[in-house]
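K.L.:
Here you go, this is final31.txt (compact mmCIF, C-alpha atoms).
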# COMPACT_ATOMS: atom_id res chain seq x y z
CA MET A 1 8.10 -4.54 -18.18
CA ARG A 2 10.67 -3.77 -15.70
CA ALA A 3 9.51 -2.78 -12.40
CA GLY A 4 11.99 -0.05 -12.16
CA LYS A 5 13.42 2.39 -14.63
CA ALA A 6 10.50 3.07 -16.80
CA VAL A 7 9.23 2.63 -13.90
CA LEU A 8 11.32 2.40 -13.16
CA VAL A 9 12.64 0.14 -11.46
CA ALA A 10 10.44 -1.91 -9.10
CA ALA A 11 7.67 0.68 -8.66
CA VAL A 12 7.01 1.21 -12.30
CA THR A 13 6.80 -2.46 -13.02
CA ALA A 14 4.00 -2.49 -10.43
CA LEU A 15 2.37 0.49 -12.07
CA LEU A 16 2.52 -1.21 -15.43
CA THR A 17 0.45 -4.10 -14.17
CA ALA A 18 -2.14 -2.12 -12.32
CA CYS A 19 -4.59 -1.14 -15.05
CA GLY A 20 -7.24 -3.21 -16.76
CA PRO A 21 -7.16 -3.91 -20.50
CA PRO A 22 -8.69 -1.32 -22.83
CA GLN A 23 -11.95 -2.22 -24.54
CA VAL A 24 -11.91 -1.25 -28.19
CA GLN A 25 -13.39 -1.83 -31.59
CA GLN A 26 -11.24 -1.31 -34.64
CA ALA A 27 -9.99 -2.85 -37.86
CA GLY A 28 -6.51 -2.56 -39.31
CA PRO A 29 -5.86 -0.14 -42.20
CA ALA A 30 -5.56 -1.16 -45.83
CA VAL A 31 -2.74 1.30 -46.65
CA ASP A 32 1.00 1.36 -45.95
CA GLU A 33 2.38 4.83 -46.58
CA ARG A 34 6.14 5.38 -46.86
CA ALA A 35 6.26 9.10 -46.11
CA GLY A 36 4.72 11.64 -43.75
CA THR A 37 4.64 11.75 -39.97
CA LEU A 38 5.48 8.63 -37.98
CA ARG A 39 3.97 9.00 -34.52
CA VAL A 40 5.73 7.38 -31.56
CA TRP A 41 4.66 7.10 -27.92
CA LEU A 42 7.26 6.40 -25.26
CA PHE A 43 6.92 6.38 -21.49
CA ASP A 44 8.03 9.45 -19.63
CA GLU A 45 10.70 9.22 -16.95
CA ALA A 46 11.39 11.08 -13.73
CA ASN A 47 14.63 12.12 -15.44
CA ARG A 48 13.78 12.03 -19.12
CA ALA A 49 16.91 13.76 -20.44
CA PRO A 50 19.20 10.71 -20.91
CA LYS A 51 16.44 8.69 -22.56
CA GLN A 52 15.35 11.56 -24.78
CA ALA A 53 18.90 12.29 -25.90
CA THR A 54 19.33 8.69 -27.08
CA VAL A 55 15.92 8.61 -28.74
CA ASP A 56 16.57 11.96 -30.44
CA GLU A 57 19.77 10.57 -31.92
CA ALA A 58 17.90 7.55 -33.31
CA VAL A 59 15.15 9.80 -34.68
CA ALA A 60 17.67 12.03 -36.47
CA ARG A 61 19.31 9.00 -38.03
CA PHE A 62 15.99 7.51 -39.10
CA GLU A 63 14.89 10.76 -40.72
CA ARG A 64 18.20 11.03 -42.61
CA GLU A 65 17.77 7.49 -43.90
CA HIS A 66 14.10 8.02 -44.77
CA PRO A 67 13.68 11.30 -46.70
CA GLY A 68 10.15 12.63 -46.45
CA VAL A 69 9.55 11.05 -43.03
CA ASP A 70 9.11 13.10 -39.88
CA VAL A 71 9.20 11.20 -36.56
CA ASP A 72 7.02 12.78 -33.88
CA VAL A 73 7.86 11.39 -30.42
CA GLN A 74 5.50 12.02 -27.50
CA TYR A 75 6.29 11.04 -23.92
CA ILE A 76 3.25 9.81 -22.04
CA ALA A 77 2.77 9.31 -18.32
CA VAL A 78 2.89 5.69 -17.17
CA GLU A 79 0.06 6.31 -14.71
CA THR A 80 -2.41 7.34 -17.44
CA ARG A 81 -1.31 4.90 -20.13
CA SER A 82 -4.48 2.77 -19.96
CA GLU A 83 -6.69 5.75 -20.78
CA ARG A 84 -4.31 6.91 -23.52
CA PHE A 85 -4.18 3.50 -25.17
CA THR A 86 -7.93 3.01 -24.91
CA GLY A 87 -8.44 6.30 -26.70
CA ALA A 88 -5.85 5.45 -29.32
CA PHE A 89 -7.29 2.01 -30.01
CA ASN A 90 -10.79 3.45 -30.41
CA ASP A 91 -9.71 6.44 -32.50
CA PRO A 92 -7.00 5.50 -35.01
CA ALA A 93 -6.69 9.14 -36.07
CA SER A 94 -5.22 9.91 -32.64
CA ALA A 95 -3.17 6.74 -32.35
CA PRO A 96 0.60 6.43 -32.65
CA ASP A 97 2.25 4.12 -35.14
CA VAL A 98 4.79 2.84 -32.60
CA ALA A 99 4.40 2.61 -28.83
CA GLU A 100 6.37 1.53 -25.80
CA VAL A 101 4.34 -1.14 -24.01
CA GLY A 102 4.85 -2.74 -20.61
CA ASN A 103 5.13 -6.49 -21.11
CA THR A 104 2.49 -7.23 -18.46
CA ASP A 105 0.05 -4.98 -20.34
CA LEU A 106 0.60 -6.76 -23.64
CA ALA A 107 -2.04 -9.49 -23.35
CA GLY A 108 -4.77 -6.95 -22.60
CA TYR A 109 -3.81 -4.78 -25.57
CA VAL A 110 -3.73 -7.80 -27.86
CA ALA A 111 -7.14 -8.95 -26.62
CA ALA A 112 -8.41 -5.47 -27.41
CA GLY A 113 -7.15 -5.84 -30.98
CA GLY A 114 -4.83 -2.85 -30.73
CA LEU A 115 -1.43 -4.25 -31.70
CA SER A 116 0.00 -5.63 -34.92
CA ASP A 117 1.12 -9.26 -35.19
CA LEU A 118 4.86 -9.21 -35.97
CA THR A 119 5.39 -12.97 -35.98
CA GLU A 120 6.07 -13.39 -39.69
CA LYS A 121 8.05 -10.15 -40.05
CA LEU A 122 10.40 -10.66 -37.11
CA PRO A 123 12.60 -13.39 -38.71
CA GLN A 124 13.25 -11.05 -41.65
CA TRP A 125 15.24 -8.85 -39.24
CA PRO A 126 18.68 -10.51 -38.86
CA GLU A 127 19.33 -9.18 -35.35
CA SER A 128 16.21 -10.89 -34.04
CA ALA A 129 18.05 -14.22 -34.06
CA ASP A 130 20.08 -13.01 -31.06
CA LEU A 131 17.13 -11.96 -28.89
CA SER A 132 17.03 -13.70 -25.54
CA PRO A 133 14.35 -16.43 -25.71
CA SER A 134 13.05 -15.49 -22.24
CA ALA A 135 12.75 -11.83 -23.25
CA LEU A 136 11.03 -12.75 -26.50
CA ASP A 137 8.58 -14.94 -24.60
CA THR A 138 7.28 -11.81 -22.86
CA ALA A 139 6.35 -10.43 -26.29
CA ARG A 140 4.20 -13.46 -27.18
CA VAL A 141 0.49 -13.95 -26.76
CA GLU A 142 -0.87 -17.35 -27.78
CA GLY A 143 2.34 -18.05 -29.66
CA LYS A 144 2.33 -14.85 -31.70
CA VAL A 145 4.78 -11.96 -31.32
CA PHE A 146 3.34 -8.49 -30.78
CA GLY A 147 6.43 -6.45 -29.94
CA VAL A 148 10.21 -6.33 -29.84
CA PRO A 149 11.71 -6.51 -26.33
CA TRP A 150 13.39 -3.13 -25.79
CA TYR A 151 14.88 -3.80 -22.39
CA THR A 152 14.47 -6.26 -19.58
CA GLY A 153 14.71 -6.02 -15.82
CA VAL A 154 15.29 -8.64 -13.15
CA ARG A 155 15.88 -8.66 -9.42
CA ALA A 156 18.75 -10.10 -7.42
CA LEU A 157 19.96 -10.11 -3.81
CA TYR A 158 21.62 -6.94 -2.53
CA TYR A 159 23.61 -7.32 0.69
CA ARG A 160 25.71 -5.08 2.92
CA THR A 161 29.32 -6.20 2.58
CA ASP A 162 30.40 -4.36 5.74
CA VAL A 163 27.73 -6.07 7.85
CA PHE A 164 28.54 -9.48 6.39
CA ASP A 165 32.26 -8.93 7.11
CA GLU A 166 31.50 -7.80 10.67
CA LEU A 167 29.43 -10.93 11.38
CA GLY A 168 31.60 -13.33 9.38
CA LEU A 169 28.84 -14.15 6.92
CA GLN A 170 28.93 -15.33 3.33
CA PRO A 171 26.21 -14.64 0.73
CA PRO A 172 23.52 -17.32 1.19
CA ARG A 173 23.51 -20.23 -1.26
CA THR A 174 19.91 -21.40 -0.80
CA THR A 175 16.55 -19.94 0.16
CA GLY A 176 16.89 -21.73 3.50
CA GLU A 177 20.27 -20.12 4.14
CA LEU A 178 18.82 -16.77 3.13
CA LEU A 179 16.16 -17.03 5.83
CA GLU A 180 18.71 -18.18 8.44
CA THR A 181 21.09 -15.35 7.50
CA ALA A 182 18.34 -12.73 7.74
CA GLN A 183 17.29 -14.04 11.17
CA ARG A 184 20.88 -14.10 12.46
CA ILE A 185 21.54 -10.54 11.33
CA ARG A 186 18.36 -9.33 13.02
CA ALA A 187 19.37 -11.09 16.24
CA GLU A 188 22.94 -9.78 16.27
CA ARG A 189 22.25 -6.36 14.80
CA PRO A 190 18.76 -5.40 16.04
CA ASP A 191 19.27 -1.91 14.62
CA LEU A 192 18.93 -3.44 11.14
CA TYR A 193 16.28 -5.41 9.30
CA GLY A 194 17.85 -8.76 8.45
CA ILE A 195 16.26 -8.32 5.05
CA ALA A 196 13.93 -5.63 3.76
CA THR A 197 11.11 -7.25 1.85
CA GLY A 198 7.44 -6.62 2.37
CA GLY A 199 3.98 -8.07 2.26
CA LYS A 200 3.14 -5.87 -0.73
CA TYR A 201 6.24 -6.82 -2.73
CA HIS A 202 4.86 -9.55 -4.97
CA TYR A 203 7.77 -9.38 -7.43
CA ALA A 204 10.00 -10.55 -4.57
CA LEU A 205 7.50 -13.25 -3.63
CA MET A 206 7.28 -14.82 -7.10
CA PRO A 207 10.86 -16.20 -7.25
CA PHE A 208 10.26 -18.17 -4.05
CA ILE A 209 7.19 -19.80 -5.57
CA TRP A 210 9.11 -20.70 -8.72
CA ALA A 211 12.21 -21.84 -6.82
CA ALA A 212 10.05 -24.29 -4.84
CA GLY A 213 8.74 -25.79 -8.08
CA GLY A 214 5.40 -23.99 -7.97
CA ASP A 215 3.79 -21.49 -10.29
CA LEU A 216 1.13 -18.80 -10.31
CA ALA A 217 -1.20 -20.56 -12.74
CA ARG A 218 -1.31 -23.17 -15.47
CA GLN A 219 -3.02 -23.04 -18.85
CA GLU A 220 -5.54 -25.72 -19.72
CA GLY A 221 -6.41 -25.15 -23.35
CA SER A 222 -7.60 -21.57 -23.52
CA ARG A 223 -8.38 -21.51 -19.79
CA TRP A 224 -6.08 -20.41 -16.98
CA VAL A 225 -6.26 -22.03 -13.54
CA SER A 226 -4.53 -20.71 -10.42
CA THR A 227 -1.87 -22.95 -8.87
CA VAL A 228 -0.89 -20.88 -5.83
CA ASP A 229 -2.62 -23.48 -3.65
CA THR A 230 -0.45 -26.41 -4.78
CA PRO A 231 2.01 -27.90 -2.25
CA GLU A 232 5.01 -26.55 -4.17
CA ALA A 233 3.67 -23.01 -4.39
CA ARG A 234 2.60 -23.06 -0.76
CA ARG A 235 6.11 -24.04 0.29
CA GLY A 236 7.60 -21.07 -1.54
CA ILE A 237 4.95 -18.69 -0.19
CA GLU A 238 5.52 -19.92 3.35
CA THR A 239 9.28 -19.38 3.02
CA TYR A 240 8.75 -15.83 1.83
CA ALA A 241 6.22 -15.04 4.57
CA LYS A 242 8.69 -16.26 7.20
CA PHE A 243 10.98 -13.32 6.48
CA ILE A 244 8.25 -11.24 8.10
CA THR A 245 6.64 -13.64 10.58
CA SER A 246 10.05 -14.56 12.02
CA GLY A 247 10.83 -10.92 12.65
CA ALA A 248 13.82 -10.77 10.27
CA CYS A 249 11.78 -8.00 8.69
CA PRO A 250 9.53 -6.89 11.59
CA PRO A 251 5.81 -7.30 10.81
CA GLU A 252 5.00 -3.86 12.21
CA GLN A 253 7.14 -2.25 9.51
CA CYS A 254 7.19 -4.90 6.79
CA ALA A 255 3.68 -6.30 6.45
CA ASP A 256 2.63 -3.30 4.36
CA MET A 257 6.00 -2.65 2.77
CA THR A 258 6.11 -2.32 -1.03
CA GLY A 259 8.96 -3.07 -3.39
CA SER A 260 10.14 0.51 -3.65
CA GLN A 261 9.97 0.87 0.14
CA SER A 262 11.99 -2.32 0.58
CA VAL A 263 14.76 -1.04 -1.67
CA GLN A 264 14.66 2.36 0.00
CA ALA A 265 15.08 0.74 3.42
CA PHE A 266 18.25 -0.92 2.17
CA ALA A 267 19.53 2.20 0.41
CA SER A 268 18.97 4.28 3.55
CA GLY A 269 21.04 1.90 5.65
CA LYS A 270 18.18 0.31 7.58
CA ALA A 271 18.57 -3.24 6.22
CA ALA A 272 21.36 -5.74 5.64
CA MET A 273 19.74 -7.29 2.54
CA THR A 274 16.98 -6.67 0.04
CA ILE A 275 15.70 -8.04 -3.24
CA GLY A 276 16.17 -5.31 -5.81
CA GLY A 277 16.43 -4.79 -9.52
CA ASP A 278 19.23 -3.76 -11.84
CA PHE A 279 17.19 -0.57 -12.16
CA ASN A 280 17.70 0.12 -8.42
CA ARG A 281 21.49 0.27 -8.60
CA LYS A 282 21.79 4.06 -8.78
CA ALA A 283 19.58 4.54 -5.73
CA VAL A 284 21.53 1.95 -3.74
CA GLU A 285 24.89 3.38 -4.81
CA ALA A 286 23.77 6.83 -3.74
CA GLY A 287 22.66 5.52 -0.33
CA VAL A 288 25.36 3.02 0.68
CA PRO A 289 28.23 3.63 -1.76
CA GLY A 290 30.91 0.97 -1.67
CA LYS A 291 29.18 -0.98 1.09
CA TYR A 292 27.10 -3.46 -0.87
CA GLY A 293 27.36 -6.43 -3.14
CA VAL A 294 24.89 -8.20 -5.42
CA VAL A 295 24.46 -11.91 -6.13
CA PRO A 296 21.70 -13.82 -7.91
CA LEU A 297 18.84 -14.68 -5.56
CA PRO A 298 19.55 -18.29 -4.54
CA GLY A 299 17.20 -21.14 -5.25
CA ASP A 300 16.19 -24.06 -3.05
CA GLN A 301 19.30 -26.06 -3.95
CA ALA A 302 22.89 -24.87 -3.46
CA GLY A 303 24.26 -23.48 -6.70
CA SER A 304 20.84 -22.78 -8.17
CA THR A 305 19.29 -19.41 -8.95
CA ALA A 306 15.68 -18.61 -8.09
CA PRO A 307 13.88 -17.77 -11.34
CA ALA A 308 13.29 -14.04 -11.50
CA PHE A 309 10.27 -12.22 -12.83
CA ALA A 310 11.12 -11.07 -16.36
CA GLY A 311 10.12 -7.44 -16.26
CA GLY A 312 10.64 -5.05 -19.12
CA ASN A 313 9.10 -3.05 -21.93
CA LEU A 314 8.53 -3.66 -25.61
CA LEU A 315 8.23 -1.56 -28.73
CA SER A 316 5.06 -2.46 -30.61
CA VAL A 317 3.38 -1.41 -33.85
CA LEU A 318 -0.26 -0.44 -33.57
CA ASP A 319 -2.65 -2.36 -35.75
CA SER A 320 -4.22 0.90 -36.95
CA SER A 321 -0.93 2.26 -38.32
CA GLN A 322 -1.06 3.47 -41.91
CA ARG A 323 2.75 3.37 -42.01
CA SER A 324 3.32 -0.16 -40.76
CA THR A 325 6.54 -0.78 -42.71
CA LEU A 326 8.08 2.46 -41.51
CA ALA A 327 6.89 1.65 -38.00
CA ARG A 328 8.60 -1.76 -38.05
CA GLU A 329 11.79 -0.22 -39.42
CA PHE A 330 11.84 2.37 -36.65
CA VAL A 331 11.28 -0.34 -34.04
CA GLN A 332 14.17 -2.33 -35.48
CA LEU A 333 16.43 0.71 -35.20
CA LEU A 334 15.47 1.89 -31.71
CA ALA A 335 15.21 -1.65 -30.29
CA GLY A 336 18.24 -2.87 -32.21
CA LYS A 337 21.63 -3.71 -30.75
CA GLU A 338 23.26 -0.33 -31.34
CA TYR A 339 20.61 1.65 -29.54
CA GLN A 340 20.13 -0.93 -26.81
CA ARG A 341 23.82 -0.41 -26.05
CA LYS A 342 23.26 3.35 -26.01
CA MET A 343 20.18 3.04 -23.81
CA TYR A 344 22.16 0.94 -21.34
CA GLY A 345 24.77 3.68 -21.19
CA ALA A 346 22.10 6.35 -20.77
CA MET A 347 19.58 4.63 -18.49
CA GLY A 348 21.14 1.36 -17.32
CA ASN A 349 18.43 -0.63 -19.10
CA LEU A 350 19.49 -4.27 -19.49
CA PRO A 351 19.63 -5.29 -23.17
CA THR A 352 17.50 -8.09 -24.56
CA PHE A 353 20.09 -9.51 -26.97
CA ILE A 354 22.20 -12.37 -25.59
CA ASP A 355 25.46 -11.11 -27.10
CA VAL A 356 24.90 -7.53 -25.91
CA GLN A 357 24.09 -8.81 -22.42
CA GLY A 358 27.44 -10.57 -22.48
CA GLU A 359 29.21 -7.38 -23.48
CA VAL A 360 27.53 -5.48 -20.67
CA ALA A 361 28.46 -8.09 -18.06
CA GLU A 362 32.08 -8.11 -19.26
CA HIS A 363 32.54 -4.34 -19.20
CA ASP A 364 30.37 -3.52 -16.19
CA PRO A 365 30.96 -5.97 -13.30
CA ALA A 366 28.03 -4.46 -11.38
CA ALA A 367 25.70 -5.73 -14.10
CA ALA A 368 27.07 -9.27 -14.05
CA PRO A 369 24.82 -10.65 -11.25
CA PHE A 370 21.73 -9.50 -13.14
CA VAL A 371 22.93 -11.00 -16.42
CA MET A 372 23.68 -14.23 -14.51
CA THR A 373 20.12 -14.10 -13.18
CA LEU A 374 18.76 -13.72 -16.70
CA ARG A 375 20.82 -16.66 -17.89
CA GLY A 376 19.73 -18.72 -14.91
CA GLY A 377 16.18 -18.59 -16.28
CA THR A 378 13.28 -16.23 -15.80
CA HIS A 379 9.53 -16.70 -15.47
CA PHE A 380 6.57 -14.51 -16.33
CA VAL A 381 3.03 -13.90 -15.18
CA PRO A 382 0.11 -15.64 -16.93
CA VAL A 383 -0.24 -14.18 -20.41
CA THR A 384 -3.87 -13.14 -20.22
CA GLU A 385 -5.71 -9.85 -19.95
CA ALA A 386 -7.13 -11.14 -16.63
CA TRP A 387 -3.73 -10.63 -15.01
CA SER A 388 -4.25 -6.87 -14.98
CA LYS A 389 -7.34 -7.39 -12.83
CA ILE A 390 -5.56 -9.83 -10.52
CA ASP A 391 -2.72 -7.40 -10.06
CA ALA A 392 -4.96 -4.37 -9.60
CA GLN A 393 -6.89 -6.22 -6.88
CA GLY A 394 -3.66 -7.01 -5.03
CA LEU A 395 -4.56 -10.67 -4.60
CA LEU A 396 -1.01 -11.90 -4.01
CA PRO A 397 -0.08 -9.16 -1.50
CA THR A 398 -3.35 -9.73 0.35
CA MET A 399 -2.54 -13.43 0.56
CA VAL A 400 0.88 -12.72 2.10
CA GLN A 401 -0.56 -10.22 4.54
CA GLN A 402 -3.19 -12.72 5.68
CA ILE A 403 -0.45 -15.23 6.44
CA VAL A 404 1.55 -12.61 8.33
CA ASN A 405 -1.56 -11.83 10.37
CA GLY A 406 -2.04 -15.48 11.36
CA THR A 407 -4.15 -17.07 8.62
CA PRO A 408 -2.83 -20.59 7.84
CA VAL A 409 -0.94 -20.80 4.56
CA SER A 410 -3.36 -23.41 3.24
CA GLU A 411 -6.37 -21.17 3.88
CA ALA A 412 -4.80 -17.99 2.51
CA THR A 413 -3.63 -19.69 -0.68
CA LYS A 414 -7.00 -21.38 -1.15
CA GLN A 415 -8.77 -18.04 -0.97
CA ALA A 416 -6.26 -16.41 -3.34
CA ALA A 417 -6.63 -19.25 -5.85
CA ALA A 418 -10.43 -18.93 -5.82
CA GLN A 419 -10.21 -15.18 -6.43
CA MET A 420 -7.67 -15.61 -9.22
CA ASN A 421 -9.87 -18.22 -10.89
CA ALA A 422 -12.82 -15.84 -10.73
CA ALA A 423 -10.72 -13.24 -12.54
CA PHE A 424 -9.53 -15.79 -15.11
CA GLU A 425 -13.15 -16.77 -15.79
CA GLY A 426 -14.25 -13.14 -16.13
CA ARG A 427 -16.40 -13.08 -13.00
As structure tokens, please, write out the structure in this file.
P.N.:
Amino acid sequence: MRAGKAVLVAAVTALLTACGPPQVQQAGPAVDERAGTLRVWLFDEANRAPKQATVDEAVARFEREHPGVDVDVQYIAVETRSERFTGAFNDPASAPDVAEVGNTDLAGYVAAGGLSDLTEKLPQWPESADLSPSALDTARVEGKVFGVPWYTGVRALYYRTDVFDELGLQPPRTTGELLETAQRIRAERPDLYGIATGGKYHYALMPFIWAAGGDLARQEGSRWVSTVDTPEARRGIETYAKFITSGACPPEQCADMTGSQSVQAFASGKAAMTIGGDFNRKAVEAGVPGKYGVVPLPGDQAGSTAPAFAGGNLLSVLDSSQRSTLAREFVQLLAGKEYQRKMYGAMGNLPTFIDVQGEVAEHDPAAAPFVMTLRGGTHFVPVTEAWSKIDAQGLLPTMVQQIVNGTPVSEATKQAAAQMNAAFEGR
């Protein structure tokens, strides 16, 4: 899910990965009713009105096109979603038919047996052919599709255009240039962080691992094995940690800095650069209007883009639904092209259809760097319910903080890999 707007932006994505998978026992229903109440759960927002207005329009249309159907939408708090879904999976009578699901929560919900397999039904929906493959990958568990990507979210490099003009700088073209630029800004403008990015901002860390040719883990059959201790991953981790250890982002302020705090430092004028999401644009525009630009986060080689974490949310059908056909039809409407366009207008949520992404980039230049990032290739976390535990334990942030505090990269990554493997193995 995105780490921003539902959660917005970067903070919510973190929230969506913080809870363990529900433990349930249930079997799917044997009926498929075509009338009655269709129950829908969507995530609440700090400012729900734009989202609700768009959803209400879709609901009214669906009810007109489906006489005898009443769509009941409930907005649930992101912070309590694990408890709500656990209860729903265990008690089908209280469960929705359709639910908004964070993509990093998906594997846990599938392992719990709570979501319907849409693999065979999806190709019957013509619009599905235009879904971004990288977005659709976040809806898959063991090759099967358990949701329709409703929106996606990626991060890029925000920079202060006025500061860059003052110092005669150009947007960096490689991760090495990014580090050099951040250090130079800090040296010449000590009132600013060269870049605001913290030890607790693992969604900013991940692209550096991937850009260096590393990964978080690899799958060996049905088993996941951590790879943060490989030479490639260590190189990316070391580069990221240097933003803090070099003082470009001072350790005293940045070692404990989260993603939302990093973006806020930039938006409040305290930093010359940050790594932020499309979902952070409104906050940045409110803080430094007209004084910033955005480019894709550079990779290790000039002209390359560092793969971004593919955040975002899905619309899924619960396996207990007694109105599964209606549920799929509602998902196809609300997650379809027309309403993804409307949701972008209302919330700024990046669409998951390739052609609609192109439309957005053409008509909204501010969105273009994020669409370019999407097209440059995205990566995802290991698709396993164990990831929720790894994330909740803060293993990656702890690893970065150890390095900042003087632990050798090799030792910190070795410890993190061992802890990740314990989680993968259920220990």
K.L.:
Find the distance between atom CA of Glu238 of chain A and atom CA of Thr407 of chain A and write it in Å to one decimal.
P.N.:
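Atom CA of Glu238 of chain A sits 11.4 Å away from atom CA of Thr407 of chain A.
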K.L.:
Could you list as an MDAnalysis selection string every residue that has an atom within 10 Å of (2.8, -9.3, 4.7), using the file's coordinates and counting only C-alpha atoms?
P.N.:
chainID A and resid 197:202 240:245 249:258 396:405
K.L.:
What gap, in Å, lies between atom CA of Pro307 of chain A and atom CA of Arg341 of chain A?
P.N.:
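Result for atom CA of Pro307 of chain A versus atom CA of Arg341 of chain A: 24.8 Å, one decimal.
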K.L.:
Residues near segment 105-109 of chain A, anyone? I mean within 6 Å using all atoms listed in the file, not counting same-chain ones fewer than 4 positions away, as a PyMOL selection string.
P.N.:
chain A and resi 21+114+383-385
K.L.:
As a list in words, please: the residues near segment 205-222 of chain A (cut-off 8 Å, only C-alpha atoms, same-chain neighbours under 4 positions excluded).
P.N.:
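My reading of the contact set: Thr175, Tyr201, Ser226, Thr227, Val228, Thr230, Pro231, Glu232, Ala233, Arg234, Arg235, Gly236, Ile237, Thr239, Tyr240, Gly299, Asp300, Thr305, Ala306, Pro307, Ala308, Phe309, His379, Val381 and Pro382 of chain A.
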K.L.:
Put those residues in a file: C-alpha atoms, as a PDB file, keeping the file's coordinate frame.
P.N.:
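So again-v1.pdb came out as:
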ATOM      1  CA  THR A 175      16.550 -19.940   0.160  1.00  0.00           C
ATOM      2  CA  TYR A 201       6.240  -6.820  -2.730  1.00  0.00           C
ATOM      3  CA  SER A 226      -4.530 -20.710 -10.420  1.00  0.00           C
ATOM      4  CA  THR A 227      -1.870 -22.950  -8.870  1.00  0.00           C
ATOM      5  CA  VAL A 228      -0.890 -20.880  -5.830  1.00  0.00           C
ATOM      6  CA  THR A 230      -0.450 -26.410  -4.780  1.00  0.00           C
ATOM      7  CA  PRO A 231       2.010 -27.900  -2.250  1.00  0.00           C
ATOM      8  CA  GLU A 232       5.010 -26.550  -4.170  1.00  0.00           C
ATOM      9  CA  ALA A 233       3.670 -23.010  -4.390  1.00  0.00           C
ATOM     10  CA  ARG A 234       2.600 -23.060  -0.760  1.00  0.00           C
ATOM     11  CA  ARG A 235       6.110 -24.040   0.290  1.00  0.00           C
ATOM     12  CA  GLY A 236       7.600 -21.070  -1.540  1.00  0.00           C
ATOM     13  CA  ILE A 237       4.950 -18.690  -0.190  1.00  0.00           C
ATOM     14  CA  THR A 239       9.280 -19.380   3.020  1.00  0.00           C
ATOM     15  CA  TYR A 240       8.750 -15.830   1.830  1.00  0.00           C
ATOM     16  CA  GLY A 299      17.200 -21.140  -5.250  1.00  0.00           C
ATOM     17  CA  ASP A 300      16.190 -24.060  -3.050  1.00  0.00           C
ATOM     18  CA  THR A 305      19.290 -19.410  -8.950  1.00  0.00           C
ATOM     19  CA  ALA A 306      15.680 -18.610  -8.090  1.00  0.00           C
ATOM     20  CA  PRO A 307      13.880 -17.770 -11.340  1.00  0.00           C
ATOM     21  CA  ALA A 308      13.290 -14.040 -11.500  1.00  0.00           C
ATOM     22  CA  PHE A 309      10.270 -12.220 -12.830  1.00  0.00           C
ATOM     23  CA  HIS A 379       9.530 -16.700 -15.470  1.00  0.00           C
ATOM     24  CA  VAL A 381       3.030 -13.900 -15.180  1.00  0.00           C
ATOM     25  CA  PRO A 382       0.110 -15.640 -16.930  1.00  0.00           C
TER      26      PRO A 382
END
K.L.:
Rounded to one decimal place, report the atom CA of Gly68 of chain A-atom CA of Ser116 of chain A distance in Å.
P.N.:
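These atoms are spaced 23.9 Å apart.
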K.L.:
Counting only C-alpha atoms, give me one row per residue of segment 140-176 of chain A with an atom at most 12 Å from an atom of segment 268-271 of chain A, showing the shortest contact pair and its distance in Å to one decimal, sorted by chain then residue number, as CSV.
P.N.:
residue,atom,partner,partner_atom,distance
A:Tyr158,CA,A:Ala271,CA,10.0
A:Tyr159,CA,A:Ala271,CA,8.5
A:Arg160,CA,A:Ala271,CA,8.1
A:Thr161,CA,A:Ala271,CA,11.7
A:Asp162,CA,A:Gly269,CA,11.3
A:Val163,CA,A:Ala271,CA,9.7
A:Phe164,CA,A:Ala271,CA,11.8
K.L.:
Which residues of segment 140-253 of chain A come within 12 Å of segment 342-346 of chain A, and what is each one's closest atom pair and distance in Å (one decimal), counting all atoms listed in the file, sorted by chain and residue number, as CSV?
P.N.:
residue,atom,partner,partner_atom,distance
A:Trp150,CA,A:Met343,CA,9.4
A:Tyr151,CA,A:Tyr344,CA,8.8
A:Thr152,CA,A:Tyr344,CA,10.7
A:Gly153,CA,A:Tyr344,CA,11.6
K.L.:
A:Glu142, A:Asp355, A:Glu329, A:Asp391: which is nearest Leu122 of chain A, counting only C-alpha atoms?
P.N.:
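Smallest distance to Leu122 of chain A is found for A:Glu329.
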